[in-house]
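Participant: Supplied in structure tokens, the structure appears directly below.
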Amino acid sequence: MFEAKFQSFGEKTDPSKGKARLQALRAELLKRKLDGFIVPRADQHQNEYVPASEERLAWLTGFAGSAGVAIVLENKAALFVDGRYTLEAKAQVDETAFTVEHLVDTPPEEWLAKNLKAGGNFGYDPLRTTIDGVEKLAKACVRANAMLVAAESNPVDAIWTDRPPPPLSPVVLHDIRFAGESAADKIKRLQGELGKAKLDAAVLSDPASVAWTFNIRGSDVMHTPLPLSWAIVPQEGKSSLFVDARKLSNEVRDTLSKVAHVQEPAEFDAALAALAKGKNIRLDQATAPKHLADVIEKAGGTVAKGADPVTRMKAVKNETEIAGSRAAHKRDGAALAKFLAWFDREAPSGRLTEIDAVAALESFRRETGKLKDVSFPTIAGAGPHGAIVHYRVTQKSNRKISPGVLFLIDSGAQYEDGTTDVTRTLSVGDPTHEMRERFTLVLKGHIAIARSIFPEGTTGAQLDGFARAPLWRAGLDFDHGTGHGVGSYLSVHEGPARISKLGSARLEAGMILSNEPGYYKTNAYGIRTENLVLVQPCRAPAGAEKKLLCFETLTLAPIDRRLILPSELSLEELDWLDTYHARVRAEISPLVDGDVRDWLIAATEPVMRVA
Ligand SMILES: [Mn+2]
């Protein structure tokens with residue numbers, strides 16, 4: 001049987017410790033004369049995946065989800081999670097210690113304003129709270145007539161006696177044959193941007209921005225190849241890179257020293273203060289810790305709040321990164337074909353489980369010899385589990401994939417030349433007519449995005465409705481964005497662009513996004529069809545007055561034809577589907593053989609002829 005190496009299926013938490021730890025934290029707060037404290041699920045970089053040493057929220061409350069925040073007061077404590085985690089949170093925490101609140105319905109700041117006692121001191125960790133975050137807390141404290149206080153050190157750490165040490169994974173160079181642009185050239189381009197924006201320097205607090213700028217990668221967190229690090233890029237002169245020297249080989253240190261002063265993270269504050277006086281320094285208020293703003297202001301500098309300029313620069317992939325992504329998607333497509341052929345052969349027995357499928361897919365990807373990691377823990381939901389958008393299978397939840405169910409599998413790979421993210425919904429046995437109808441509506445939305453042509457300057461918010469329109473007409477919808485940006489051997493969720501109601505960033509040629517509409521019937525099944533797409537210039541027709549953009553689909557994997565109602569597709573939609581499948585066949589069939597090749601040929605037969 002197959003084995004997963006990059007993901008595990010154990011239960012990560014223990015609700016039984018919550019009460020004692022909460023008591024210990026309250027005693028610690030009392031010592032520090034604090035009447036309350038906020039514990040976000042965050043590290044100093046606001047990473048999506050945080051190292052074990054930063055899992056304060058999970059340690060304190062038992063809640064192991066990827067987003068959440070706890071507020072502890074003298075007599076009350078609450079854990080705030082979003083809709084996808086409410087059920088999980090209730091199972092993972094001791095509800096006699098923490099009440100579980102819905103992050104959107106009861107925002108933490110509202111709850112705080114209502115429950116914090118007048119005259120009280122409320123503490124936060126300035127290293128792990130963003131500038132925006134502090135502003136919101138400050139407003140809540142004003143409403144409660146209380147004081148907001150920056151804690152000198154995190155009080156959780158004082159009671160967390162067996163806290164794991166921070167990670168020290170080696171930093172590796174991201175080769176120019178994958179990066180396509182040298183660190184020196186990127187820094188020069190970034191300095192040009194700083195000049196245009198009249199900024200004296202930018203602080204890079206997001207390790208993904210540091211990794212892109214200096215062409216380095218690491219493995220300090222799960223699933224995203226980040227070296228935890230900071231950088232200061234001045235408009236003129238040499239940059240400074242702050243990274244633990246124990247992570248650097250001599251070769252890496254020598255290479256980095258050509259473009260930056262390589263310093264210890266402990267030297268960061270002093271270096272920033274030394275530079276700050278009279279200077280205008282960019283900090284991204286949505287992700288940078290408040291502490292850095294304090295350092296700049298104390299030293300007589302000005303914080304220029306605004307987007308990290310690297311976010312947009314790295315979102316626009318260069319020719320090398322685009323070629324790398326195409327190669328990664330071909331490799332991944334071959335692994336997917338092997339998986340899908342295996343699944344079709346094995347699933348009808350009814351003996352496969354969700355974990356079997358996750359392990360098999362990861363194994364086929366590892367067989368490429370190029371897999372560095374999965375880009376996130378695979379979402380593999382059989383039947384009703386498919387309707388849980390961020391479902392993560394554990395030994396306890398693991399379900400058999402039985403005939404008659406839909407099986408949703410959302411997964412991705414990290415290869416040095418590109419990051420992938422793909423979802424397929426597979427039919428096991430005979431799907432119901434309703435399943436096919438709704439699968440086809442989702443497919444129509446997917447095709448609408450894939451085929452869309454739009455003028456330069458268009459935002460993701462403007463496209464989002466295209467993916468939903470077929471579902472809307474049937475009185476249906478899905479409760480997540482249609483697409484997110486994807487990094488180049490970096491984060492699978494990357495800003496600034498996204499296709500969603502909130503997608504206010506303009507789409508630009510070179511950006512890679514996901515196209516992933518879905519439909520979820522609670523307690524029954526889930527449907528999602530996801531490909532990655534590349535924004536490309538589109539040849540404009542005669543008479544066009546605007547420059548046009550369109551998408552090239554990068555992902556190469558068959559879409560389950562057994563779930564499609566061809567009569568519900570327009571000629572253009574059928575043509576898109578058959579053209580896509582012809583391309584999948586042409587590009588992937590030379591990479592597989594035997595049974596897999598036979599399976600692939602059958603799975604990519606045109607639908608139009610049959611219809
Ligand atoms: Mn995705």
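Each chain in the structure tokens gets a letter, A, B and so on, in the order shown; residues start at 1 in every chain, and ligands are counted from 1 in the order they appear.
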Set the distance at 12 Å and use only C-alpha atoms: which residues neighbour Thr161 (chain A) once local chain neighbours fewer than 6 positions away are removed? I'd like the list as a ChimeraX atom specification.

Facilitator: /A:21,24,53,56,59,155

Participant: If we count only C-alpha atoms, what is near region 545-562 of chain A at a cut-off of 7 Å, once residues fewer than 3 positions away on the same chain are taken out, given as a list in words?

Facilitator: Arg326, His329, Lys330, Gly333, Leu336, Ala337, Arg424, Leu426, Ala450, Arg451, Ser452, Ile453, Phe454, Pro455, Glu456, Asn531, Leu532, Val533, Leu534, Val535, Gln536, Pro537, Cys538, Arg539, Ala540, His581, Val584, Ala603 and Thr604 of chain A

Participant: Report as JSON, numbers by chain all protein, DNA and RNA residues lying within 6 Å of Lys338 (chain A), evaluated on only C-alpha atoms, omitting residues in the same chain fewer than 3 positions from it.

Facilitator: {"A": [335, 341, 596]}

Participant: Include C-alpha atoms and write out the residues we just selected as a PDB file, in the first residue's frame.

Facilitator:
ATOM      1  CA  ALA A 335       1.249  11.876 -11.685  1.00  0.00           C
ATOM      2  CA  ALA A 341      -6.330   5.559 -13.430  1.00  0.00           C
ATOM      3  CA  VAL A 596      -2.470   4.462 -17.505  1.00  0.00           C
TER       4      VAL A 596
END

Participant: Which residues are near ligand 1 - at most 8 Å, using only C-alpha atoms and all ligand atoms? Format: as a PyMOL selection string.

Facilitator: chain A and resi 410+421-423+483-484+492-493+514-516+530

Participant: Tell me, counting only C-alpha atoms, for each residue of region 385-429 of chain A within 12 Å of region 162-177 of chain A, which pair of atoms is nearest and how far apart they are in Å to one decimal, in rows ordered by chain and increasing number, as JSON lines.

Facilitator:
{"residue": "A:Tyr415", "atom": "CA", "partner": "A:His174", "partner_atom": "CA", "distance": 11.6}
{"residue": "A:Glu416", "atom": "CA", "partner": "A:His174", "partner_atom": "CA", "distance": 8.0}
{"residue": "A:Asp417", "atom": "CA", "partner": "A:Arg177", "partner_atom": "CA", "distance": 8.6}
{"residue": "A:Gly418", "atom": "CA", "partner": "A:His174", "partner_atom": "CA", "distance": 11.7}

Participant: Please produce a file of those selected residues containing N, CA and C atoms, as a PDB file, in the first residue's frame.

Facilitator:
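Final file, again-v9.pdb:
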ATOM      1  N   TYR A 415       7.196  21.835  -6.535  1.00  0.00           N
ATOM      2  CA  TYR A 415       8.384  21.467  -7.314  1.00  0.00           C
ATOM      3  C   TYR A 415       9.239  22.725  -7.422  1.00  0.00           C
ATOM      4  N   GLU A 416      10.533  22.562  -7.626  1.00  0.00           N
ATOM      5  CA  GLU A 416      11.397  23.750  -7.692  1.00  0.00           C
ATOM      6  C   GLU A 416      11.000  24.685  -8.832  1.00  0.00           C
ATOM      7  N   ASP A 417      10.409  24.120  -9.887  1.00  0.00           N
ATOM      8  CA  ASP A 417      10.041  24.975 -11.026  1.00  0.00           C
ATOM      9  C   ASP A 417       8.603  25.474 -10.954  1.00  0.00           C
ATOM     10  N   GLY A 418       7.838  25.019  -9.961  1.00  0.00           N
ATOM     11  CA  GLY A 418       6.473  25.542  -9.875  1.00  0.00           C
ATOM     12  C   GLY A 418       5.643  24.879  -8.794  1.00  0.00           C
TER      13      GLY A 418
END

Participant: List the neighbours of region 115-131 of chain A out to 7 Å using only C-alpha atoms; skip same-chain residues closer than 4 positions along the sequence, and give me the result as a list in words.

Facilitator: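 So the residues in contact are Leu34, Asp35, Gly36, Phe37, Ile38, Ala42, Asp43, Gln44, Trp111, Glu135, Ala144, Asn145, Ala146, Met147, Leu148, Val149, Ala150, Ala151, Ser153, Asn154, Gln285, Ala286, Thr287, Ala288, Pro289, Lys290 and His291 of chain A.
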
Participant: What does the file look like for those residues with C-alpha atoms, as a PDB file, in the first residue's frame?

Facilitator:
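The resulting again-v5.pdb:
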ATOM      1  CA  LEU A  34      -2.991  42.609  32.844  1.00  0.00           C
ATOM      2  CA  ASP A  35      -6.763  42.082  32.867  1.00  0.00           C
ATOM      3  CA  GLY A  36      -6.756  40.264  29.580  1.00  0.00           C
ATOM      4  CA  PHE A  37      -4.648  39.091  26.649  1.00  0.00           C
ATOM      5  CA  ILE A  38      -5.157  38.183  23.016  1.00  0.00           C
ATOM      6  CA  ALA A  42       0.111  33.952  14.301  1.00  0.00           C
ATOM      7  CA  ASP A  43       3.872  34.123  14.189  1.00  0.00           C
ATOM      8  CA  GLN A  44       5.991  37.250  13.668  1.00  0.00           C
ATOM      9  CA  TRP A 111     -16.752  40.882  21.987  1.00  0.00           C
ATOM     10  CA  GLU A 135      -5.619  49.667  15.513  1.00  0.00           C
ATOM     11  CA  ALA A 144     -14.545  49.669  26.859  1.00  0.00           C
ATOM     12  CA  ASN A 145     -12.827  52.627  28.526  1.00  0.00           C
ATOM     13  CA  ALA A 146      -9.767  50.431  29.032  1.00  0.00           C
ATOM     14  CA  MET A 147      -6.055  50.612  28.183  1.00  0.00           C
ATOM     15  CA  LEU A 148      -4.306  48.643  25.425  1.00  0.00           C
ATOM     16  CA  VAL A 149      -0.838  47.561  26.558  1.00  0.00           C
ATOM     17  CA  ALA A 150       2.013  46.066  24.509  1.00  0.00           C
ATOM     18  CA  ALA A 151       3.375  43.084  26.449  1.00  0.00           C
ATOM     19  CA  SER A 153       7.259  39.293  26.160  1.00  0.00           C
ATOM     20  CA  ASN A 154       4.504  36.845  25.361  1.00  0.00           C
ATOM     21  CA  GLN A 285       0.175  47.390   7.811  1.00  0.00           C
ATOM     22  CA  ALA A 286      -1.787  44.219   7.077  1.00  0.00           C
ATOM     23  CA  THR A 287       1.139  41.869   7.746  1.00  0.00           C
ATOM     24  CA  ALA A 288       3.951  43.725   9.533  1.00  0.00           C
ATOM     25  CA  PRO A 289       4.186  43.479  13.326  1.00  0.00           C
ATOM     26  CA  LYS A 290       3.306  46.636  15.240  1.00  0.00           C
ATOM     27  CA  HIS A 291       6.664  46.334  16.977  1.00  0.00           C
TER      28      HIS A 291
END

Participant: Provide the CA of His385 (chain A) to CA of Asp105 (chain A) distance in Å, to one decimal place.

Facilitator: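 Taking CA of His385 (chain A) as the start and CA of Asp105 (chain A) as the end point, the length is 24.4 Å.
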